[in-house]
Each structure stands twice: as C-alpha cells, then as structure tokens.
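Next up, work00.txt (compact mmCIF, C-alpha atoms and all ligand atoms):
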# COMPACT_ATOMS: atom_id res chain seq x y z
CA MET O 1 82.45 112.01 120.48
CA ASP O 2 83.18 108.77 118.62
CA ALA O 3 82.87 105.81 121.03
CA LEU O 4 85.30 103.74 118.93
CA GLY O 5 87.94 106.42 119.51
CA LYS O 6 88.03 105.28 123.14
CA ILE O 7 89.81 102.11 122.01
CA TYR O 8 93.40 103.17 122.63
CA ASN O 9 96.34 101.35 121.01
CA VAL O 10 100.07 101.66 120.57
CA ALA O 11 101.15 103.52 117.45
CA SER O 12 103.52 101.29 115.55
CA ILE O 13 105.15 101.16 112.16
CA VAL O 14 104.71 97.86 110.37
CA THR O 15 107.60 97.28 107.99
CA ILE O 16 107.61 95.09 104.90
CA ASN O 17 110.11 93.72 102.42
CA SER O 18 108.16 92.17 99.58
CA ASN O 19 110.46 90.96 96.80
CA ASN O 20 112.95 93.70 97.69
CA LYS O 21 110.27 96.41 97.75
CA LEU O 22 110.54 98.09 101.14
CA ASN O 23 107.70 99.96 102.82
CA GLY O 24 106.45 100.99 106.22
CA ILE O 25 102.94 101.91 107.36
CA THR O 26 101.73 103.46 110.61
CA VAL O 27 99.38 101.00 112.27
CA ALA O 28 97.33 101.60 115.41
CA TRP O 29 95.09 98.59 114.93
CA ILE O 30 97.50 96.09 116.35
CA THR O 31 97.28 93.72 119.29
CA ARG O 32 98.68 90.57 120.86
CA VAL O 33 96.45 87.59 120.13
CA SER O 34 98.30 84.55 121.54
CA ILE O 35 100.67 83.86 124.44
CA LYS O 36 102.05 80.51 123.28
CA PRO O 37 103.31 80.93 120.69
CA PRO O 38 103.36 84.72 120.86
CA MET O 39 101.29 86.16 118.01
CA ILE O 40 100.37 89.67 116.88
CA ALA O 41 97.45 90.73 114.67
CA ILE O 42 97.54 93.82 112.47
CA SER O 43 94.65 95.27 110.49
CA ILE O 44 95.52 96.78 107.10
CA GLY O 45 93.17 98.71 104.80
CA LYS O 46 92.67 97.19 101.37
CA GLN O 47 93.43 100.55 99.74
CA ARG O 48 96.93 100.68 101.20
CA TYR O 49 100.05 100.00 99.17
CA SER O 50 101.17 97.96 102.20
CA TYR O 51 98.22 95.60 101.64
CA GLU O 52 99.44 94.93 98.08
CA LEU O 53 102.93 94.20 99.41
CA LEU O 54 101.75 92.03 102.31
CA GLU O 55 99.76 89.87 99.91
CA SER O 56 103.04 88.64 98.46
CA ALA O 57 105.11 88.68 101.66
CA ASP O 58 105.58 85.93 104.25
CA LYS O 59 106.57 88.16 107.16
CA PHE O 60 106.40 91.68 108.56
CA GLY O 61 108.20 93.73 111.16
CA VAL O 62 106.63 95.80 113.94
CA CYS O 63 108.42 98.88 115.28
CA ILE O 64 106.89 100.12 118.53
CA LEU O 65 107.59 103.86 118.56
CA SER O 66 108.71 106.02 121.46
CA LYS O 67 106.86 109.20 122.43
CA GLU O 68 109.60 111.22 120.70
CA GLN O 69 108.78 109.59 117.34
CA LYS O 70 105.43 111.24 116.58
CA ASN O 71 106.92 112.67 113.40
CA LEU O 72 107.63 109.14 112.10
CA ALA O 73 104.05 108.05 112.84
CA LYS O 74 102.88 111.03 110.79
CA ILE O 75 105.24 110.43 107.86
CA PHE O 76 104.50 106.70 107.60
CA GLY O 77 100.80 107.30 108.24
CA SER O 78 100.06 110.11 105.81
CA LYS O 79 101.98 109.26 102.65
CA SER O 80 101.82 106.19 100.44
CA GLY O 81 104.85 104.13 99.55
CA ARG O 82 103.33 103.92 96.04
CA ASN O 83 104.59 107.46 95.44
CA ILE O 84 107.57 107.95 97.73
CA ASN O 85 110.28 106.07 99.60
CA LYS O 86 109.21 106.68 103.20
CA PHE O 87 112.58 105.44 104.48
CA GLU O 88 114.45 108.30 102.86
CA ASN O 89 115.93 110.39 105.73
CA VAL O 90 114.90 107.74 108.29
CA ASP O 91 117.53 105.97 110.35
CA PHE O 92 116.97 102.21 109.91
CA GLU O 93 118.72 98.92 109.24
CA LEU O 94 117.70 95.65 107.62
CA THR O 95 117.43 92.53 109.77
CA LYS O 96 119.04 89.27 108.64
CA SER O 97 115.84 88.40 106.83
CA GLY O 98 115.69 91.82 105.15
CA ILE O 99 112.94 93.47 107.23
CA PRO O 100 113.45 97.20 107.91
CA LYS O 101 114.04 98.01 111.60
CA ILE O 102 113.83 101.69 112.52
CA LYS O 103 116.39 103.02 115.01
CA ASN O 104 115.61 104.40 118.50
CA ILE O 105 112.33 102.52 118.85
CA VAL O 106 111.01 100.98 122.08
CA ALA O 107 110.58 97.42 120.80
CA PHE O 108 110.84 95.42 117.61
CA PHE O 109 109.14 92.23 116.47
CA GLU O 110 109.64 90.12 113.41
CA CYS O 111 106.55 88.09 112.57
CA LYS O 112 105.88 85.23 110.17
CA ILE O 113 102.42 85.53 108.62
CA VAL O 114 100.47 82.41 109.64
CA ASN O 115 96.88 83.43 108.95
CA LYS O 116 94.70 86.24 107.64
CA ALA O 117 91.03 87.16 107.83
CA GLU O 118 88.74 89.56 105.97
CA ALA O 119 87.44 92.34 108.23
CA GLY O 120 85.22 94.67 106.19
CA ASP O 121 87.45 97.11 104.36
CA HIS O 122 90.56 95.77 106.14
CA ILE O 123 92.47 92.48 106.22
CA VAL O 124 93.74 91.18 109.53
CA TYR O 125 97.13 89.49 109.27
CA ILE O 126 98.16 87.24 112.12
CA GLY O 127 101.88 86.95 112.62
CA LYS O 128 103.79 84.51 114.79
CA VAL O 129 106.59 86.36 116.59
CA VAL O 130 109.89 84.82 115.48
CA ASN O 131 112.14 87.50 116.96
CA GLN O 132 111.50 90.11 119.64
CA GLU O 133 113.69 92.86 121.02
CA LEU O 134 113.05 95.18 123.95
CA LEU O 135 115.19 98.20 123.15
CA LYS O 136 114.03 100.90 125.61
CA PHE O 137 112.10 100.94 128.86
CA ASP O 138 110.21 104.13 127.90
CA GLN O 139 106.44 104.11 127.45
CA PRO O 140 105.46 103.76 123.79
CA LEU O 141 103.63 106.27 121.62
CA LEU O 142 99.86 105.76 121.93
CA TYR O 143 96.93 106.53 119.65
CA GLY O 144 93.35 107.18 120.72
CA GLU O 145 90.57 109.70 120.05
CA HIS O 146 92.35 110.65 116.80
CA GLN O 147 95.44 111.81 118.67
CA LEU O 148 98.99 110.62 119.18
CA PHE O 149 100.36 111.07 122.67
C1 LIG D 201 98.13 107.20 113.89
C2 LIG D 201 97.76 106.44 112.65
C3 LIG D 201 97.31 105.13 112.76
C4 LIG D 201 96.97 104.39 111.61
N1 LIG D 201 96.56 103.09 111.74
C5 LIG D 201 96.28 102.35 110.63
C6 LIG D 201 95.92 100.97 110.75
O1 LIG D 201 95.85 100.40 111.84
N2 LIG D 201 95.67 100.29 109.60
C7 LIG D 201 95.74 100.87 108.36
O2 LIG D 201 95.49 100.21 107.34
N3 LIG D 201 96.08 102.19 108.22
C8 LIG D 201 96.36 102.93 109.32
N4 LIG D 201 96.72 104.24 109.20
C9 LIG D 201 96.75 104.86 107.86
C10 LIG D 201 97.99 104.47 107.07
O3 LIG D 201 99.16 104.53 107.88
C11 LIG D 201 98.16 105.43 105.86
O4 LIG D 201 97.02 105.35 105.03
C12 LIG D 201 99.43 105.20 105.07
O5 LIG D 201 99.70 106.38 104.32
C13 LIG D 201 99.36 104.01 104.12
O6 LIG D 201 100.60 103.86 103.50
P1 LIG D 201 100.89 102.87 102.27
O7 LIG D 201 99.95 103.27 101.15
O8 LIG D 201 102.33 103.11 101.95
O9 LIG D 201 100.62 101.48 102.75
C14 LIG D 201 97.06 105.00 110.33
C15 LIG D 201 97.53 106.32 110.22
C16 LIG D 201 97.89 107.03 111.37
C17 LIG D 201 98.40 108.44 111.23
As structure tokens - that is how I would like this structure written.
Amino acid sequence: MDALGKIYNVASIVTINSNNKLNGITVAWITRVSIKPPMIAISIGKQRYSYELLESADKFGVCILSKEQKNLAKIFGSKSGRNINKFENVDFELTKSGIPKIKNIVAFFECKIVNKAEAGDHIVYIGKVVNQELLKFDQPLLYGEHQLF
C-alpha cells in the first residue's frame, strides 16, 4: 500500500487556451491555497503537453467533474493533446476569454496565473480565481489510491 495514495483529491480537468491551441488535462493534484483572494494551485508534470502550453498562457480553467464523468477523466488523463484533439466528441463551450468549459460539470473556475514554483518533476501553478460557477450540488468525482470514485 502506497501511503501517498491516501491523499485523496477531486479529479478535475484543467483547460487551457494558449495562443488558440486548446487542451485539457486530468489533474488530481489540485487544491485551494488562499481564501482572500481565492486561489487554486495545480501541479503539472514537465513531460505533459499541457506544461508546454501553460508556459505561454496567462490563465487556465478548472472543470470539477461529476461522478458520472469518469470517462472524461480517463480520456483527458490518458492521451496527450500533442497527438489528438481531446475535445473532439466532448460537449464544451468557450468562455468570454476563450477558455474551454466542459458541459455538465459540478463547478467551474477561471484562474489567472499569478505565480509558479518548481516541485521536482512537476511545476505548481498558482491561479487567482477570477470567475467561479457552482453548476450542480452533486458530490464531485474523487481520486485516491489510484482509483476514481
Ligand atoms: C485521475 C488522474 C489524475 C491525474 N492527475 C495529474 C496531475 O495532477 N498532474 C499531472 O501533471 N498529470 C496528471 N495526470 C496525468 C495526465 O492527465 C496525463 O498524463 C495526460 O495524458 C497529459 O495530457 P497532455 O500531454 O495533453 O498534457 C492524471 C491522470 C489521471 C488519470
């Protein structure tokens, strides 16, 4: 049993529009880090295509998935946007600032990147929440011990 697996998180999809290149990545390493102003930190592996895109982006979106959206967590978390358009066959819209927002999610945040920090093989991006929407009262999809539930 991996002790780190006991750190449970929400499974979310972080969405990016970097110079009109759209991508989404499943992210479980995500947490609130400030109340005032509200801020969210996400940890992104340096191997990910999303890392390349975030390096030239000034904001990101966070889609908090519902328990019925396991399939989306798998699609966005197993394939790279380098090779495919992960939004093909996914119901989504673009916000006013061009960030992809997936439909039928529990909550959505739009964050302006205000800081970042090296964390081993990942980079932690800290985003100030500039827009937040509570869309459903359902419990979100969770990730822990290598499982979605
Ligand atoms: C449930 C789940 C949680 C994940 N959490 C993270 C995470 O927090 N950070 C990260 O960099 N990758 C995470 N991944 C892996 C990426 O989602 C995966 O490597 C993805 O294919 C990268 O896509 P990209 O190359 O288009 O950026 C997770 C995958 C799954 C299935």
Nearest to ligand LIG 201 (chain D): which of O:Thr26, O:Asn131, O:Asn20, O:Thr31 is it, counting all atoms listed in the file?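 Of O:Thr26, O:Asn131, O:Asn20, O:Thr31, the one nearest ligand LIG 201 (chain D), counting all atoms listed in the file, is O:Thr26.
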Within 6 Å of file point (101.2, 105.4, 109.9), counting only C-alpha atoms, expressed as a list in words: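 So the residues meeting the distance criterion are Ile25, Thr26, Val27, Ala73, Lys74, Phe76 and Gly77 of chain O.
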Distance filter 10 Å around ligand LIG 201 (chain D), atoms: only C-alpha atoms and all ligand atoms, out as an mmCIF file with C-alpha atoms, keeping the file's coordinate frame:
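Here's the written file part.cif:
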data_model
loop_
_atom_site.group_PDB
_atom_site.id
_atom_site.type_symbol
_atom_site.label_atom_id
_atom_site.label_comp_id
_atom_site.auth_asym_id
_atom_site.auth_seq_id
_atom_site.Cartn_x
_atom_site.Cartn_y
_atom_site.Cartn_z
ATOM 1 C CA ASN O 9 96.340 101.350 121.010
ATOM 2 C CA VAL O 10 100.070 101.660 120.570
ATOM 3 C CA ALA O 11 101.150 103.520 117.450
ATOM 4 C CA SER O 12 103.520 101.290 115.550
ATOM 5 C CA ILE O 13 105.150 101.160 112.160
ATOM 6 C CA VAL O 14 104.710 97.860 110.370
ATOM 7 C CA THR O 15 107.600 97.280 107.990
ATOM 8 C CA ILE O 16 107.610 95.090 104.900
ATOM 9 C CA LEU O 22 110.540 98.090 101.140
ATOM 10 C CA ASN O 23 107.700 99.960 102.820
ATOM 11 C CA GLY O 24 106.450 100.990 106.220
ATOM 12 C CA ILE O 25 102.940 101.910 107.360
ATOM 13 C CA THR O 26 101.730 103.460 110.610
ATOM 14 C CA VAL O 27 99.380 101.000 112.270
ATOM 15 C CA ALA O 28 97.330 101.600 115.410
ATOM 16 C CA TRP O 29 95.090 98.590 114.930
ATOM 17 C CA ILE O 30 97.500 96.090 116.350
ATOM 18 C CA ILE O 42 97.540 93.820 112.470
ATOM 19 C CA SER O 43 94.650 95.270 110.490
ATOM 20 C CA ILE O 44 95.520 96.780 107.100
ATOM 21 C CA GLY O 45 93.170 98.710 104.800
ATOM 22 C CA LYS O 46 92.670 97.190 101.370
ATOM 23 C CA GLN O 47 93.430 100.550 99.740
ATOM 24 C CA ARG O 48 96.930 100.680 101.200
ATOM 25 C CA TYR O 49 100.050 100.000 99.170
ATOM 26 C CA SER O 50 101.170 97.960 102.200
ATOM 27 C CA TYR O 51 98.220 95.600 101.640
ATOM 28 C CA GLU O 52 99.440 94.930 98.080
ATOM 29 C CA LEU O 53 102.930 94.200 99.410
ATOM 30 C CA LEU O 54 101.750 92.030 102.310
ATOM 31 C CA LYS O 70 105.430 111.240 116.580
ATOM 32 C CA ASN O 71 106.920 112.670 113.400
ATOM 33 C CA LEU O 72 107.630 109.140 112.100
ATOM 34 C CA ALA O 73 104.050 108.050 112.840
ATOM 35 C CA LYS O 74 102.880 111.030 110.790
ATOM 36 C CA ILE O 75 105.240 110.430 107.860
ATOM 37 C CA PHE O 76 104.500 106.700 107.600
ATOM 38 C CA GLY O 77 100.800 107.300 108.240
ATOM 39 C CA SER O 78 100.060 110.110 105.810
ATOM 40 C CA LYS O 79 101.980 109.260 102.650
ATOM 41 C CA SER O 80 101.820 106.190 100.440
ATOM 42 C CA GLY O 81 104.850 104.130 99.550
ATOM 43 C CA ARG O 82 103.330 103.920 96.040
ATOM 44 C CA ASN O 83 104.590 107.460 95.440
ATOM 45 C CA ILE O 84 107.570 107.950 97.730
ATOM 46 C CA ASN O 85 110.280 106.070 99.600
ATOM 47 C CA LYS O 86 109.210 106.680 103.200
ATOM 48 C CA ASP O 121 87.450 97.110 104.360
ATOM 49 C CA HIS O 122 90.560 95.770 106.140
ATOM 50 C CA ILE O 123 92.470 92.480 106.220
ATOM 51 C CA VAL O 124 93.740 91.180 109.530
ATOM 52 C CA LEU O 141 103.630 106.270 121.620
ATOM 53 C CA LEU O 142 99.860 105.760 121.930
ATOM 54 C CA TYR O 143 96.930 106.530 119.650
ATOM 55 C CA GLY O 144 93.350 107.180 120.720
ATOM 56 C CA HIS O 146 92.350 110.650 116.800
ATOM 57 C CA GLN O 147 95.440 111.810 118.670
ATOM 58 C CA LEU O 148 98.990 110.620 119.180
ATOM 59 C CA PHE O 149 100.360 111.070 122.670
#
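With CA of Val114 (chain O) on one side and CA of Lys36 (chain O) on the other, the separation reads 13.9 Å.
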Counting all atoms listed in the file, which residue out of O:Phe60, O:Phe137, O:Tyr125, O:Tyr8 sits closest to Gly98 (chain O)?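 Among O:Phe60, O:Phe137, O:Tyr125, O:Tyr8, it is O:Phe60 that comes nearest to Gly98 (chain O).
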Name the closest residue to Ile105 (chain O) among the candidates O:Gly5, O:Pro140, O:Gly127, O:Gly120; distances are taken between atoms, counting all atoms listed in the file. O:Pro140
Selection near Phe109 (chain O), 7 Å with only C-alpha atoms, sequence-local residues under 5 positions removed, as a PyMOL selection string: chain O and resi 61-63+129+131-133
Proximity to Leu134 (chain O) - best of O:Glu55, O:Leu4, O:Ile35, O:Phe108, only C-alpha atoms: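 Checking each candidate against Leu134 (chain O), we get O:Phe108 as the closest.
Nearest residue to Lys112 (chain O) among O:Leu135, O:Val130, O:Val33, O:Leu94 is O:Val130, counting all atoms listed in the file.
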Shortest interatomic distance to Lys116 (chain O) - which of O:Lys128, O:Asn19, O:Glu88, O:Pro38, counting all atoms listed in the file: O:Lys128
Add whatever atoms are absent from region 94-110 of chain O to reach N, CA, C and O atoms, and provide the output as a tab-separated table (two decimals), in the frame of the given file.
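See result.tsv below for the written result:
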chain	number	residue	atom	x	y	z
O	94	LEU	N	118.45	96.85	108.03
O	94	LEU	CA	117.70	95.65	107.62
O	94	LEU	C	118.09	94.50	108.53
O	94	LEU	O	119.28	94.31	108.83
O	95	THR	N	117.11	93.72	108.97
O	95	THR	CA	117.43	92.53	109.77
O	95	THR	C	118.02	91.46	108.83
O	95	THR	O	118.02	91.64	107.62
O	96	LYS	N	118.46	90.36	109.45
O	96	LYS	CA	119.04	89.27	108.64
O	96	LYS	C	118.09	88.81	107.55
O	96	LYS	O	118.50	88.44	106.46
O	97	SER	N	116.80	88.84	107.84
O	97	SER	CA	115.84	88.40	106.83
O	97	SER	C	115.32	89.56	105.97
O	97	SER	O	114.36	89.39	105.21
O	98	GLY	N	115.97	90.72	106.08
O	98	GLY	CA	115.69	91.82	105.15
O	98	GLY	C	114.55	92.75	105.54
O	98	GLY	O	114.11	93.58	104.75
O	99	ILE	N	114.06	92.61	106.77
O	99	ILE	CA	112.94	93.47	107.23
O	99	ILE	C	113.51	94.78	107.78
O	99	ILE	O	114.43	94.77	108.60
O	100	PRO	N	112.96	95.93	107.36
O	100	PRO	CA	113.45	97.20	107.91
O	100	PRO	C	113.15	97.35	109.40
O	100	PRO	O	112.04	97.06	109.85
O	101	LYS	N	114.19	97.78	110.15
O	101	LYS	CA	114.04	98.01	111.60
O	101	LYS	C	114.49	99.44	111.87
O	101	LYS	O	115.67	99.78	111.66
O	102	ILE	N	113.55	100.26	112.29
O	102	ILE	CA	113.83	101.69	112.52
O	102	ILE	C	114.63	101.84	113.82
O	102	ILE	O	114.42	101.09	114.78
O	103	LYS	N	115.54	102.81	113.83
O	103	LYS	CA	116.39	103.02	115.01
O	103	LYS	C	115.64	103.80	116.10
O	103	LYS	O	114.70	104.53	115.82
O	104	ASN	N	116.12	103.67	117.33
O	104	ASN	CA	115.61	104.40	118.50
O	104	ASN	C	114.17	104.08	118.88
O	104	ASN	O	113.49	104.91	119.50
O	105	ILE	N	113.69	102.91	118.49
O	105	ILE	CA	112.33	102.52	118.85
O	105	ILE	C	112.34	101.84	120.22
O	105	ILE	O	113.40	101.53	120.76
O	106	VAL	N	111.13	101.60	120.75
O	106	VAL	CA	111.01	100.98	122.08
O	106	VAL	C	111.13	99.45	121.99
O	106	VAL	O	111.76	98.82	122.83
O	107	ALA	N	110.52	98.88	120.96
O	107	ALA	CA	110.58	97.42	120.80
O	107	ALA	C	110.41	97.06	119.34
O	107	ALA	O	109.84	97.84	118.55
O	108	PHE	N	110.92	95.89	119.00
O	108	PHE	CA	110.84	95.42	117.61
O	108	PHE	C	110.42	93.96	117.59
O	108	PHE	O	110.88	93.15	118.42
O	109	PHE	N	109.56	93.62	116.67
O	109	PHE	CA	109.14	92.23	116.47
O	109	PHE	C	109.27	91.87	115.00
O	109	PHE	O	109.00	92.70	114.14
O	110	GLU	N	109.66	90.64	114.76
O	110	GLU	CA	109.64	90.12	113.41
O	110	GLU	C	108.62	88.98	113.43
O	110	GLU	O	108.69	88.11	114.31
